file data-v7.txt (compact mmCIF, C-alpha atoms)
# COMPACT_ATOMS: atom_id res chain seq x y z
CA MET A 849 73.25 -53.26 69.44
CA SER A 850 76.28 -54.77 71.12
CA ASP A 851 79.23 -56.25 69.23
CA SER A 852 77.85 -59.71 69.77
CA GLY A 853 74.63 -58.72 68.06
CA ALA A 854 72.57 -59.71 71.10
CA ILE A 855 69.50 -57.76 72.13
CA SER A 856 68.54 -57.55 75.79
CA ARG A 857 65.34 -59.41 76.60
CA SER A 858 64.49 -57.67 79.83
CA PRO A 859 61.07 -56.00 80.11
CA ASP A 860 62.80 -52.59 80.26
CA HIS A 861 63.80 -53.03 76.63
CA GLN A 862 60.44 -54.14 75.26
CA ILE A 863 57.91 -51.91 73.54
CA ILE A 864 54.53 -53.16 74.70
CA ASN A 865 51.23 -52.32 73.04
CA SER A 866 48.52 -52.30 75.71
CA PRO A 867 44.71 -52.13 75.38
CA THR A 868 43.46 -48.77 74.15
CA ARG A 869 40.78 -48.34 76.81
CA VAL A 870 43.27 -48.56 79.68
CA ARG A 871 46.17 -46.59 78.28
CA TRP A 872 44.02 -43.58 77.44
CA ARG A 873 42.55 -43.59 80.94
CA ILE A 874 46.14 -43.38 82.16
CA ALA A 875 46.67 -40.43 79.79
CA ALA A 876 43.48 -38.77 81.09
CA LEU A 877 44.74 -39.02 84.68
CA LEU A 878 48.04 -37.45 83.61
CA PHE A 879 46.03 -34.62 82.05
CA LEU A 880 44.21 -34.02 85.35
CA ILE A 881 47.48 -33.99 87.28
CA SER A 882 48.81 -31.48 84.75
CA VAL A 883 45.82 -29.20 85.35
CA VAL A 884 46.43 -29.36 89.10
CA THR A 885 50.11 -28.49 88.74
CA TYR A 886 49.26 -25.18 87.13
CA ILE A 887 46.38 -24.42 89.48
CA ASP A 888 48.82 -24.75 92.38
CA ARG A 889 51.44 -22.72 90.51
CA VAL A 890 49.25 -19.83 89.31
CA ASN A 891 46.82 -19.31 92.21
CA ILE A 892 49.33 -17.38 94.31
CA SER A 893 49.63 -14.70 91.59
CA VAL A 894 45.92 -13.95 92.15
CA THR A 895 45.83 -14.26 95.95
CA ALA A 896 48.90 -12.00 96.21
CA ARG A 897 46.57 -9.00 96.03
CA GLN A 898 45.23 -9.83 99.50
CA MET A 899 48.21 -11.77 100.86
CA MET A 900 50.62 -8.86 100.55
CA PRO A 901 48.74 -6.37 102.73
CA ALA A 902 47.67 -9.10 105.16
CA TRP A 903 51.26 -10.20 105.78
CA GLY A 904 53.05 -6.91 105.14
CA LEU A 905 54.95 -8.07 102.06
CA THR A 906 56.40 -5.64 99.52
CA ASP A 907 56.24 -6.00 95.74
CA ILE A 908 59.91 -6.99 95.67
CA GLU A 909 59.44 -9.63 98.35
CA MET A 910 56.41 -11.05 96.53
CA GLY A 911 58.42 -11.19 93.32
CA GLN A 912 61.07 -13.22 95.14
CA VAL A 913 58.37 -15.57 96.41
CA PHE A 914 57.24 -16.09 92.80
CA SER A 915 60.82 -16.69 91.65
CA VAL A 916 61.83 -19.17 94.34
CA PHE A 917 59.26 -21.66 93.06
CA THR A 918 61.16 -21.76 89.75
CA VAL A 919 64.43 -22.38 91.61
CA GLY A 920 63.10 -25.51 93.29
CA TYR A 921 61.34 -26.57 90.11
CA ALA A 922 64.45 -26.26 87.93
CA LEU A 923 66.90 -27.86 90.37
CA CYS A 924 64.82 -31.01 90.86
CA GLN A 925 63.86 -31.81 87.26
CA LEU A 926 66.65 -34.34 86.77
CA PRO A 927 66.35 -35.98 90.22
CA GLY A 928 62.58 -36.25 89.75
CA GLY A 929 62.96 -37.89 86.36
CA TRP A 930 65.74 -40.21 87.52
CA LEU A 931 63.68 -41.39 90.48
CA GLY A 932 60.76 -42.10 88.14
CA ASP A 933 63.02 -44.17 85.90
CA ARG A 934 64.23 -46.11 88.93
CA PHE A 935 61.07 -46.57 91.02
CA GLY A 936 58.27 -46.05 88.50
CA PRO A 937 55.82 -43.22 87.82
CA ARG A 938 53.00 -44.62 89.95
CA LEU A 939 54.72 -44.05 93.29
CA LEU A 940 56.67 -40.98 92.17
CA LEU A 941 53.66 -39.07 90.86
CA THR A 942 51.52 -40.07 93.85
CA GLY A 943 54.17 -38.87 96.29
CA ALA A 944 54.92 -35.72 94.29
CA VAL A 945 51.28 -34.61 94.08
CA LEU A 946 50.73 -35.26 97.79
CA TRP A 947 53.96 -33.39 98.57
CA TRP A 948 53.14 -30.24 96.65
CA SER A 949 49.48 -30.35 97.73
CA PHE A 950 50.60 -30.36 101.37
CA PHE A 951 52.87 -27.36 100.86
CA THR A 952 50.21 -25.61 98.78
CA ALA A 953 47.86 -25.86 101.77
CA LEU A 954 50.69 -24.76 104.05
CA THR A 955 51.04 -21.59 101.95
CA ALA A 956 47.81 -20.35 103.52
CA VAL A 957 49.29 -20.55 107.04
CA ALA A 958 52.95 -19.84 106.26
CA ALA A 959 52.84 -16.77 108.50
CA THR A 960 51.53 -18.64 111.54
CA TRP A 961 53.06 -22.12 111.53
CA PRO A 962 55.86 -22.69 114.09
CA LEU A 963 58.76 -22.22 111.66
CA ALA A 964 57.57 -18.69 110.89
CA ALA A 965 58.69 -17.67 114.40
CA VAL A 966 62.24 -18.57 113.36
CA LEU A 967 62.33 -17.53 109.70
CA GLY A 968 59.84 -14.68 109.77
CA VAL A 969 56.81 -14.39 107.50
CA PHE A 970 58.84 -13.75 104.36
CA GLY A 971 61.36 -16.53 105.02
CA SER A 972 58.62 -18.98 105.88
CA LEU A 973 56.73 -18.24 102.67
CA ILE A 974 59.95 -18.53 100.64
CA LEU A 975 60.61 -21.99 102.10
CA VAL A 976 57.07 -23.21 101.47
CA ARG A 977 57.00 -22.07 97.83
CA LEU A 978 60.47 -23.53 97.24
CA LEU A 979 59.15 -26.90 98.43
CA VAL A 980 56.07 -26.61 96.20
CA GLY A 981 58.46 -26.21 93.28
CA VAL A 982 60.53 -29.20 94.40
CA GLY A 983 57.40 -31.39 94.33
CA GLU A 984 56.11 -30.15 91.00
CA ALA A 985 59.50 -30.79 89.39
CA ALA A 986 58.72 -34.51 89.32
CA ALA A 987 55.50 -34.06 87.35
CA LEU A 988 56.44 -33.62 83.69
CA PRO A 989 59.41 -36.02 83.63
CA ASN A 990 57.21 -38.71 85.15
CA PHE A 991 54.42 -37.95 82.70
CA ASN A 992 56.96 -38.86 80.05
CA ARG A 993 58.06 -41.94 81.98
CA ALA A 994 54.43 -43.13 82.12
CA VAL A 995 53.89 -42.38 78.42
CA ALA A 996 57.06 -44.30 77.55
CA ASN A 997 55.83 -47.31 79.54
CA TRP A 998 52.21 -47.28 78.40
CA LEU A 999 52.03 -45.97 74.85
CA PRO A 1000 53.57 -47.36 71.67
CA SER A 1001 55.84 -45.02 69.72
CA HIS A 1002 53.14 -43.97 67.25
CA GLU A 1003 50.99 -42.58 70.10
CA ARG A 1004 53.58 -41.01 72.40
CA GLY A 1005 53.44 -37.54 70.88
CA LEU A 1006 49.67 -37.41 71.35
CA GLY A 1007 49.93 -38.91 74.84
CA ILE A 1008 52.43 -36.40 76.16
CA GLY A 1009 50.70 -33.61 74.22
CA LEU A 1010 47.42 -34.43 75.94
CA ALA A 1011 49.09 -34.58 79.34
CA ILE A 1012 50.99 -31.31 78.95
CA GLY A 1013 47.91 -29.71 77.38
CA GLY A 1014 46.52 -29.60 80.91
CA ILE A 1015 48.94 -26.71 81.48
CA GLY A 1016 46.82 -24.52 79.22
CA ILE A 1017 43.56 -25.47 80.93
CA GLY A 1018 45.01 -24.99 84.41
CA SER A 1019 46.51 -21.61 83.51
CA ALA A 1020 43.26 -20.40 81.91
CA ILE A 1021 40.79 -21.44 84.62
CA THR A 1022 42.83 -20.60 87.71
CA PRO A 1023 42.59 -16.78 87.77
CA PRO A 1024 38.75 -16.51 87.61
CA ILE A 1025 38.14 -19.44 89.98
CA THR A 1026 40.76 -18.25 92.47
CA ALA A 1027 39.41 -14.71 92.35
CA TRP A 1028 35.87 -15.96 93.03
CA LEU A 1029 37.01 -18.07 96.00
CA MET A 1030 39.09 -15.19 97.33
CA VAL A 1031 36.22 -12.71 97.16
CA ASN A 1032 33.59 -15.02 98.62
CA TYR A 1033 35.50 -17.19 101.10
CA GLY A 1034 38.88 -15.56 101.69
CA TRP A 1035 42.19 -16.00 99.89
CA GLN A 1036 43.30 -18.90 102.11
CA THR A 1037 40.42 -21.01 100.77
CA ALA A 1038 41.95 -21.00 97.29
CA PHE A 1039 45.00 -22.87 98.60
CA TYR A 1040 42.96 -25.32 100.65
CA ALA A 1041 40.65 -26.10 97.72
CA SER A 1042 43.48 -26.70 95.24
CA ALA A 1043 45.35 -28.85 97.78
CA ALA A 1044 42.23 -30.96 98.35
CA LEU A 1045 41.80 -31.38 94.60
CA GLY A 1046 45.40 -32.52 94.34
CA ILE A 1047 44.96 -35.12 97.08
CA VAL A 1048 41.86 -36.57 95.37
CA ILE A 1049 43.63 -36.86 92.02
CA ALA A 1050 46.77 -38.32 93.62
CA LEU A 1051 44.68 -41.05 95.23
CA ALA A 1052 42.87 -41.73 91.94
CA TRP A 1053 46.25 -42.10 90.20
CA PHE A 1054 47.58 -44.40 92.93
CA VAL A 1055 44.50 -46.63 92.85
CA TYR A 1056 44.15 -46.92 89.07
CA ALA A 1057 47.61 -46.55 87.56
CA THR A 1058 50.46 -49.04 87.41
CA ASP A 1059 54.02 -48.57 86.22
CA ARG A 1060 53.54 -50.93 83.27
CA PRO A 1061 50.61 -52.44 81.37
CA SER A 1062 51.56 -55.97 82.44
CA GLN A 1063 50.89 -55.00 86.08
CA HIS A 1064 47.39 -53.61 85.54
CA ARG A 1065 44.40 -55.57 86.82
CA GLN A 1066 42.27 -54.57 83.81
CA VAL A 1067 44.84 -55.84 81.31
CA ASN A 1068 44.85 -59.52 80.41
CA ALA A 1069 48.11 -61.11 79.39
CA GLY A 1070 46.57 -62.03 76.05
CA GLU A 1071 45.90 -58.37 75.30
CA LEU A 1072 49.56 -57.38 75.53
CA GLN A 1073 51.61 -57.31 72.38
CA ILE A 1074 55.39 -56.89 72.22
CA ILE A 1075 55.91 -54.77 69.11
CA GLY A 1076 59.64 -54.09 69.38
CA GLU A 1077 62.77 -54.08 71.50
CA HIS A 1078 65.57 -51.63 72.13
CA SER A 1079 69.31 -51.85 71.77
CA ALA A 1080 70.96 -53.07 74.96
CA GLU A 1081 74.11 -51.03 74.28
CA ALA A 1082 72.21 -47.75 74.11
CA GLU A 1083 69.99 -48.56 77.05
CA ASP A 1084 72.89 -49.56 79.32
CA ARG A 1085 74.30 -46.05 79.19
CA SER A 1086 73.32 -43.65 81.93
CA ALA A 1087 71.20 -40.59 81.18
CA TRP A 1088 74.22 -38.36 81.79
CA SER A 1089 76.31 -40.44 79.42
CA LEU A 1090 73.68 -40.00 76.73
CA PHE A 1091 73.57 -36.27 77.42
CA ILE A 1092 77.34 -35.90 77.15
CA ARG A 1093 77.95 -38.19 74.17
CA ASN A 1094 74.90 -37.70 71.99
CA ARG A 1095 74.77 -34.40 70.10
CA ALA A 1096 71.06 -34.80 69.40
CA VAL A 1097 70.37 -34.54 73.14
CA TRP A 1098 72.40 -31.32 73.37
CA TRP A 1099 70.51 -29.76 70.49
CA LEU A 1100 67.20 -30.95 71.92
CA VAL A 1101 67.95 -29.32 75.29
CA LEU A 1102 69.14 -26.08 73.67
CA SER A 1103 66.09 -25.90 71.42
CA TYR A 1104 63.74 -26.53 74.36
CA THR A 1105 65.56 -23.80 76.28
CA CYS A 1106 64.44 -21.45 73.51
CA LEU A 1107 60.86 -22.69 73.90
CA GLY A 1108 61.03 -22.06 77.65
CA TYR A 1109 62.21 -18.48 77.10
CA VAL A 1110 59.23 -17.70 74.87
CA ALA A 1111 56.68 -19.58 77.01
CA TYR A 1112 57.57 -17.55 80.10
CA VAL A 1113 56.99 -14.31 78.23
CA PHE A 1114 53.33 -15.34 78.07
CA LEU A 1115 53.29 -16.67 81.63
CA SER A 1116 54.80 -13.54 83.16
CA TRP A 1117 54.11 -10.48 81.00
CA PHE A 1118 51.22 -11.03 78.58
CA TYR A 1119 48.48 -9.62 80.83
CA LEU A 1120 50.43 -6.48 81.68
CA TYR A 1121 51.35 -6.04 78.01
CA LEU A 1122 47.67 -6.09 77.05
CA VAL A 1123 46.71 -3.57 79.74
CA ASN A 1124 49.70 -1.22 79.70
CA VAL A 1125 50.71 -1.35 76.03
CA ARG A 1126 47.65 -2.37 74.04
CA GLY A 1127 45.24 -0.34 76.19
CA PHE A 1128 42.77 -2.97 77.35
CA GLY A 1129 40.90 -2.46 80.59
CA VAL A 1130 41.63 -4.56 83.64
CA LEU A 1131 38.73 -6.99 83.18
CA ARG A 1132 38.90 -7.23 79.41
CA GLY A 1133 42.66 -7.63 79.61
CA ALA A 1134 42.20 -10.52 82.04
CA LEU A 1135 39.76 -12.18 79.66
CA PHE A 1136 42.06 -11.87 76.65
CA ALA A 1137 45.08 -12.91 78.72
CA SER A 1138 43.59 -16.41 78.91
CA MET A 1139 43.56 -16.77 75.11
CA PRO A 1140 47.18 -17.98 74.73
CA PHE A 1141 46.59 -20.69 77.33
CA LEU A 1142 43.44 -21.91 75.63
CA ALA A 1143 45.41 -22.02 72.38
CA MET A 1144 48.07 -24.08 74.16
CA ALA A 1145 45.46 -26.52 75.48
CA ILE A 1146 44.14 -27.14 71.94
CA SER A 1147 47.39 -27.16 70.02
CA CYS A 1148 49.48 -29.27 72.40
CA PRO A 1149 47.60 -32.56 71.81
CA LEU A 1150 47.06 -31.60 68.16
CA GLY A 1151 50.80 -31.21 67.68
CA GLY A 1152 51.41 -34.50 69.47
CA TRP A 1153 48.95 -36.27 67.18
CA THR A 1154 50.59 -34.65 64.15
CA THR A 1155 54.13 -35.69 65.07
CA ASP A 1156 52.93 -39.27 65.60
CA ARG A 1157 51.30 -39.33 62.15
CA LEU A 1158 54.37 -37.82 60.52
CA ALA A 1159 56.68 -40.25 62.34
CA ARG A 1160 54.69 -43.20 61.01
CA ALA A 1161 54.72 -41.77 57.48
CA TYR A 1162 58.29 -40.46 57.25
CA GLY A 1163 60.19 -42.08 60.11
CA VAL A 1164 60.96 -40.87 63.61
CA ARG A 1165 63.67 -38.38 62.69
CA HIS A 1166 61.62 -36.47 60.10
CA GLY A 1167 58.31 -36.93 61.91
CA ARG A 1168 59.58 -35.30 65.08
CA ALA A 1169 61.63 -32.64 63.27
CA TYR A 1170 58.83 -31.58 60.91
CA ALA A 1171 56.35 -31.02 63.75
CA GLY A 1172 58.87 -29.54 66.18
CA SER A 1173 60.45 -27.10 63.77
CA ALA A 1174 57.15 -26.11 62.14
CA GLY A 1175 55.64 -25.22 65.51
CA MET A 1176 58.61 -23.10 66.53
CA LEU A 1177 58.92 -21.32 63.16
CA LEU A 1178 55.21 -20.55 62.96
CA ALA A 1179 55.32 -19.32 66.57
CA ALA A 1180 58.15 -16.96 65.61
CA ALA A 1181 56.20 -15.58 62.65
CA SER A 1182 52.96 -15.14 64.61
CA ILE A 1183 54.65 -13.40 67.54
CA LEU A 1184 56.59 -11.05 65.27
CA VAL A 1185 53.52 -10.01 63.28
CA GLY A 1186 51.47 -9.74 66.48
CA ALA A 1187 54.07 -7.38 67.95
CA ILE A 1188 53.94 -4.94 65.03
CA VAL A 1189 50.30 -5.08 63.94
CA PRO A 1190 48.45 -1.81 64.81
CA SER A 1191 45.14 -3.39 65.90
CA ALA A 1192 45.05 -4.44 69.55
CA TYR A 1193 42.54 -7.21 68.80
CA ALA A 1194 44.64 -8.54 65.93
CA ALA A 1195 47.62 -8.52 68.28
CA VAL A 1196 45.73 -10.66 70.79
CA ALA A 1197 44.76 -13.14 68.07
CA LEU A 1198 48.24 -13.36 66.54
CA LEU A 1199 50.13 -13.56 69.83
CA SER A 1200 47.72 -16.22 71.07
CA MET A 1201 48.33 -18.14 67.85
CA GLY A 1202 52.04 -17.77 68.56
CA ALA A 1203 51.58 -19.42 71.95
CA GLY A 1204 49.51 -22.15 70.34
CA TRP A 1205 52.13 -22.86 67.68
CA LEU A 1206 54.80 -22.88 70.37
CA TYR A 1207 53.00 -25.66 72.22
CA PHE A 1208 52.19 -27.44 68.97
CA SER A 1209 55.85 -28.46 69.01
CA VAL A 1210 55.87 -29.76 72.59
CA GLY A 1211 54.80 -33.30 71.73
CA ALA A 1212 57.73 -33.64 69.34
CA TYR A 1213 60.21 -32.56 72.03
CA TRP A 1214 58.97 -34.88 74.76
CA ALA A 1215 58.39 -37.84 72.46
CA SER A 1216 61.96 -37.41 71.20
CA THR A 1217 63.37 -38.04 74.68
CA VAL A 1218 61.55 -41.38 74.70
CA ASP A 1219 62.71 -42.14 71.16
CA LEU A 1220 66.30 -41.43 72.18
CA SER A 1221 66.24 -43.70 75.22
CA PRO A 1222 63.03 -45.29 76.53
CA ARG A 1223 64.72 -46.54 79.71
CA HIS A 1224 65.99 -43.07 80.61
CA ALA A 1225 62.97 -41.12 79.36
CA GLY A 1226 62.32 -39.60 82.80
CA ALA A 1227 65.88 -38.43 83.39
CA LEU A 1228 66.40 -37.19 79.83
CA SER A 1229 63.15 -35.25 79.86
CA GLY A 1230 64.18 -33.83 83.24
CA ILE A 1231 67.43 -32.60 81.69
CA MET A 1232 65.49 -31.12 78.76
CA ASN A 1233 62.95 -29.40 81.00
CA THR A 1234 65.78 -27.96 83.11
CA GLY A 1235 66.82 -26.18 79.93
CA ALA A 1236 63.31 -24.81 79.50
CA ASN A 1237 63.40 -23.42 83.02
CA ILE A 1238 66.79 -21.81 82.42
CA GLY A 1239 65.23 -20.05 79.46
CA GLY A 1240 62.16 -19.34 81.55
CA SER A 1241 64.24 -17.76 84.30
CA LEU A 1242 65.78 -15.32 81.80
CA SER A 1243 62.78 -14.01 79.88
CA PRO A 1244 60.79 -12.49 82.79
CA THR A 1245 63.80 -10.24 83.49
CA VAL A 1246 65.18 -9.74 79.98
CA THR A 1247 61.82 -8.91 78.39
CA PRO A 1248 61.03 -5.77 80.47
CA LEU A 1249 64.65 -4.62 80.20
CA ILE A 1250 64.46 -4.68 76.41
CA ALA A 1251 61.03 -3.05 76.53
CA ALA A 1252 62.31 -0.26 78.79
CA HIS A 1253 65.26 0.58 76.53
CA VAL A 1254 63.96 -0.19 73.03
CA GLY A 1255 60.22 -0.81 73.34
CA TRP A 1256 57.80 -3.70 73.59
CA THR A 1257 57.89 -4.39 69.88
CA ALA A 1258 61.61 -5.13 70.16
CA ALA A 1259 61.04 -7.23 73.29
CA LEU A 1260 58.49 -9.43 71.54
CA ALA A 1261 60.60 -9.50 68.36
CA THR A 1262 63.42 -10.88 70.52
CA ALA A 1263 61.13 -13.66 71.71
CA ALA A 1264 60.23 -14.35 68.07
CA GLY A 1265 63.94 -14.54 67.22
CA VAL A 1266 64.53 -17.02 70.05
CA ALA A 1267 61.66 -19.19 68.74
CA LEU A 1268 63.18 -19.01 65.26
CA LEU A 1269 66.53 -20.16 66.63
CA GLY A 1270 64.87 -23.06 68.44
CA GLY A 1271 63.13 -24.11 65.24
CA ILE A 1272 66.37 -24.06 63.23
CA MET A 1273 68.07 -26.31 65.79
CA TRP A 1274 65.80 -29.18 64.74
CA LEU A 1275 68.10 -29.55 61.72
CA TRP A 1276 70.61 -31.25 64.05
CA ILE A 1277 68.22 -33.28 66.20
CA ASP A 1278 68.04 -36.96 65.31
CA PRO A 1279 65.69 -38.50 67.89
CA ARG A 1280 66.18 -42.09 66.82
CA HIS A 1281 67.54 -44.45 69.51
CA ALA A 1282 70.85 -43.18 70.87
CA ARG A 1283 73.76 -45.02 69.34

call {"tool": "encode", "arguments": {"input": "data-v7.txt", "output": "structure tokens"}}
result
Amino acid sequence: MSDSGAISRSPDHQIINSPTRVRWRIAALLFLISVVTYIDRVNISVTARQMMPAWGLTDIEMGQVFSVFTVGYALCQLPGGWLGDRFGPRLLLTGAVLWWSFFTALTAVAATWPLAAVLGVFGSLILVRLLVGVGEAAALPNFNRAVANWLPSHERGLGIGLAIGGIGIGSAITPPITAWLMVNYGWQTAFYASAALGIVIALAWFVYATDRPSQHRQVNAGELQIIGEHSAEAEDRSAWSLFIRNRAVWWLVLSYTCLGYVAYVFLSWFYLYLVNVRGFGVLRGALFASMPFLAMAISCPLGGWTTDRLARAYGVRHGRAYAGSAGMLLAAASILVGAIVPSAYAAVALLSMGAGWLYFSVGAYWASTVDLSPRHAGALSGIMNTGANIGGSLSPTVTPLIAAHVGWTAALATAAGVALLGGIMWLWIDPRHAR
């Protein structure tokens, strides 16, 4: 609150409780967009088996194609969130989904479109996947922007948990569906189909969603309830000012960087670990490799619901910290035990539980950015998710290096240690409104 004691009365500072039926339809659309983001991210790892010989790409070149997506994704987190704060999530998410759907479809013809004559096949594919990453960077920060606008504080953890839970579903269903399309209709079809799905969902979001409940045609003015307002002094600061001045934001970003490190161990190495280290066959390994992502899909909304209940019972600071730290600490314990247990099947169960506990904490992280500054929720969550991608850019390289020199048990124990560190950092995170 300012020295004068005045509170801003602009709509940006009001917490509005909107009708349940509409706000959860908004959350359901965010979930579907989340599923599409990971379909468009993961499908190339399956089609690579036929793309590489068709276009004469080496393993190293294909690895660089995988990595360049993360470059575009990480660099544009903050701009994507800032634009959502400024122009609203309706337009930003519509444009972002159409953008990355276009470049997903273009992936199928990257070797033959006119720019390939200038850049070559490899350069053309690098550019296309970079631009897919640029588009997808706007997704999660604008999920949080929409949740901040539509859901009251006691439902934000569940809302963002449900939305991000689509990551688990998308990651789990993409390999078998993509493989089936590739075998029956050619690998290019997988990109066309996922791009078409993205366009349909983008149009559904554009038609149904609005930036705020007061703008929605299915919401009557009498159904809206202002249940609180935010401090003008805190809200008038920029997102960067909050990041620099507020230690809670620093700790939140650092802790989420730890989560990103561990998450990318599952995204990049879990399947090969099961096949090469635990001795599963190719098909059985593929089946069990989906288990962590199914655990994520279940635990992400569950953790969001839990942090909301705890926040109502014990206050925002303890409610977010209890759920966030518990998820990270239990993930550390599960991963460590899963790494050393002799039974391969027990390892699958424990490591999958570790992934589930990791994503149990996600709702607490993302809801905390809204708690810290509702006006800047998009930009702050973009900063936080940049940290996750910094961690995620390290673990795919660091993990096999540790495994090569010390063994896979040590590599997974390192991931467990990083999760433990991230859980401890919640001691210094106070996600109440920035002051």

call {"tool": "closest_atom_pairs", "arguments": {"input": "data-v7.txt", "of": "range 885-961 of chain A", "to": "range 1105-1122 of chain A", "cutoff": "12 Å", "atoms": "only C-alpha atoms", "output": "Markdown table"}}
result
| residue | atom | partner | partner_atom | distance |
| --- | --- | --- | --- | --- |
| A:Tyr886 | CA | A:Leu1115 | CA | 10.9 |
| A:Arg889 | CA | A:Leu1115 | CA | 10.9 |
| A:Val890 | CA | A:Leu1115 | CA | 9.2 |
| A:Ser893 | CA | A:Ser1116 | CA | 10.0 |
| A:Gly911 | CA | A:Ser1116 | CA | 11.0 |
| A:Phe914 | CA | A:Ser1116 | CA | 10.3 |
| A:Ser915 | CA | A:Ser1116 | CA | 10.9 |
| A:Thr918 | CA | A:Tyr1112 | CA | 11.1 |
| A:Ala922 | CA | A:Gly1108 | CA | 11.6 |

call {"tool": "residues_around", "arguments": {"input": "data-v7.txt", "residues": "Thr1022 in chain A", "least_positions_apart": "3", "cutoff": "9 Å", "atoms": "all atoms listed in the file", "output": "ChimeraX atom specification"}}
result
/A:886-888,890-891,894,1017-1019,1025-1027

call {"tool": "atom_distance", "arguments": {"input": "data-v7.txt", "atom1": "CA of Ala1187 in chain A", "atom2": "CA of Ile1250 in chain A"}}
result
13.7 Å

call {"tool": "atom_distance", "arguments": {"input": "data-v7.txt", "atom1": "CA of Trp1098 in chain A", "atom2": "CA of Leu940 in chain A"}}
result
26.3 Å

call {"tool": "residues_around", "arguments": {"input": "data-v7.txt", "residues": "range 875-881 of chain A", "least_positions_apart": "3", "cutoff": "6 Å", "atoms": "all atoms listed in the file", "output": "PyMOL selection string"}}
result
chain A and resi 872+884+1011+1014

call {"tool": "residues_near_point", "arguments": {"input": "data-v7.txt", "point": "(57.2, -13.8, 107.7)", "cutoff": "12 Å", "atoms": "all atoms listed in the file", "output": "VMD selection string"}}
result
chain A and resid 899 to 900 902 to 906 909 to 910 913 955 957 to 976

call {"tool": "closest_residue", "arguments": {"input": "data-v7.txt", "among": "A:Ile1015, A:Ala1259, A:Ile1277, A:Ala956", "to": "Gly1167 in chain A", "atoms": "all atoms listed in the file"}}
result
A:Ile1277

call {"tool": "closest_residue", "arguments": {"input": "data-v7.txt", "among": "A:Val1101, A:Ala996, A:Leu1135, A:Val1254", "to": "Arg1223 in chain A", "atoms": "all atoms listed in the file"}}
result
A:Ala996

call {"tool": "closest_residue", "arguments": {"input": "data-v7.txt", "among": "A:Ser1209, A:Gln1036, A:Ser1182, A:Gln925", "to": "Thr1234 in chain A", "atoms": "all atoms listed in the file"}}
result
A:Gln925

call {"tool": "residues_near_point", "arguments": {"input": "data-v7.txt", "point": "(59.3, -38.9, 86.6)", "cutoff": "10 Å", "atoms": "only C-alpha atoms", "output": "PyMOL selection string"}}
result
chain A and resi 925-941+944+985-994+1224-1230

call {"tool": "closest_residue", "arguments": {"input": "data-v7.txt", "among": "A:Trp1214, A:Ile1272, A:Met1139, A:Ala1044", "to": "Ile1021 in chain A", "atoms": "only C-alpha atoms"}}
result
A:Met1139

call {"tool": "closest_residue", "arguments": {"input": "data-v7.txt", "among": "A:Ser882, A:Thr952, A:Phe1054, A:Leu1102", "to": "Gly1235 in chain A", "atoms": "all atoms listed in the file"}}
result
A:Leu1102

call {"tool": "atom_distance", "arguments": {"input": "data-v7.txt", "atom1": "CA of Gln898 in chain A", "atom2": "CA of Arg1126 in chain A"}}
result
26.6 Å

call {"tool": "closest_residue", "arguments": {"input": "data-v7.txt", "among": "A:Ser1221, A:Asn1233, A:Thr1262, A:Thr895", "to": "Asn997 in chain A", "atoms": "only C-alpha atoms"}}
result
A:Ser1221

call {"tool": "residues_around", "arguments": {"input": "data-v7.txt", "residues": "Ala1181 in chain A", "least_positions_apart": "3", "cutoff": "9 Å", "atoms": "all atoms listed in the file", "output": "PDB file with C-alpha atoms, in the coordinates of the input"}}
result
ATOM      1  CA  MET A1176      58.610 -23.100  66.530  1.00  0.00           C
ATOM      2  CA  LEU A1177      58.920 -21.320  63.160  1.00  0.00           C
ATOM      3  CA  LEU A1178      55.210 -20.550  62.960  1.00  0.00           C
ATOM      4  CA  LEU A1184      56.590 -11.050  65.270  1.00  0.00           C
ATOM      5  CA  VAL A1185      53.520 -10.010  63.280  1.00  0.00           C
ATOM      6  CA  GLY A1186      51.470  -9.740  66.480  1.00  0.00           C
ATOM      7  CA  GLY A1202      52.040 -17.770  68.560  1.00  0.00           C
ATOM      8  CA  ALA A1264      60.230 -14.350  68.070  1.00  0.00           C
ATOM      9  CA  ALA A1267      61.660 -19.190  68.740  1.00  0.00           C
ATOM     10  CA  LEU A1268      63.180 -19.010  65.260  1.00  0.00           C
TER      11      LEU A1268
END

call {"tool": "axis_aligned_box", "arguments": {"input": "data-v7.txt", "around": "range 1119-1138 of chain A", "padding_each_side": "5 Å", "output": "lines of an AutoDock Vina configuration file"}}
result
center_x = 45.0
center_y = -8.4
center_z = 78.8
size_x = 22.6
size_y = 26.1
size_z = 19.6

call {"tool": "closest_atom_pairs", "arguments": {"input": "data-v7.txt", "of": "range 1158-1273 of chain A", "to": "range 1131-1134 of chain A", "cutoff": "12 Å", "atoms": "all atoms listed in the file", "output": "tab-separated table"}}
result
residue	atom	partner	partner_atom	distance
A:Ala1192	CA	A:Gly1133	CA	10.8
A:Tyr1193	CA	A:Gly1133	CA	10.8
A:Val1196	CA	A:Gly1133	CA	9.8

call {"tool": "residues_around", "arguments": {"input": "data-v7.txt", "residues": "Trp1276 in chain A", "least_positions_apart": "4", "cutoff": "10 Å", "atoms": "all atoms listed in the file", "output": "ChimeraX atom specification"}}
result
/A:1095-1100,1169,1272
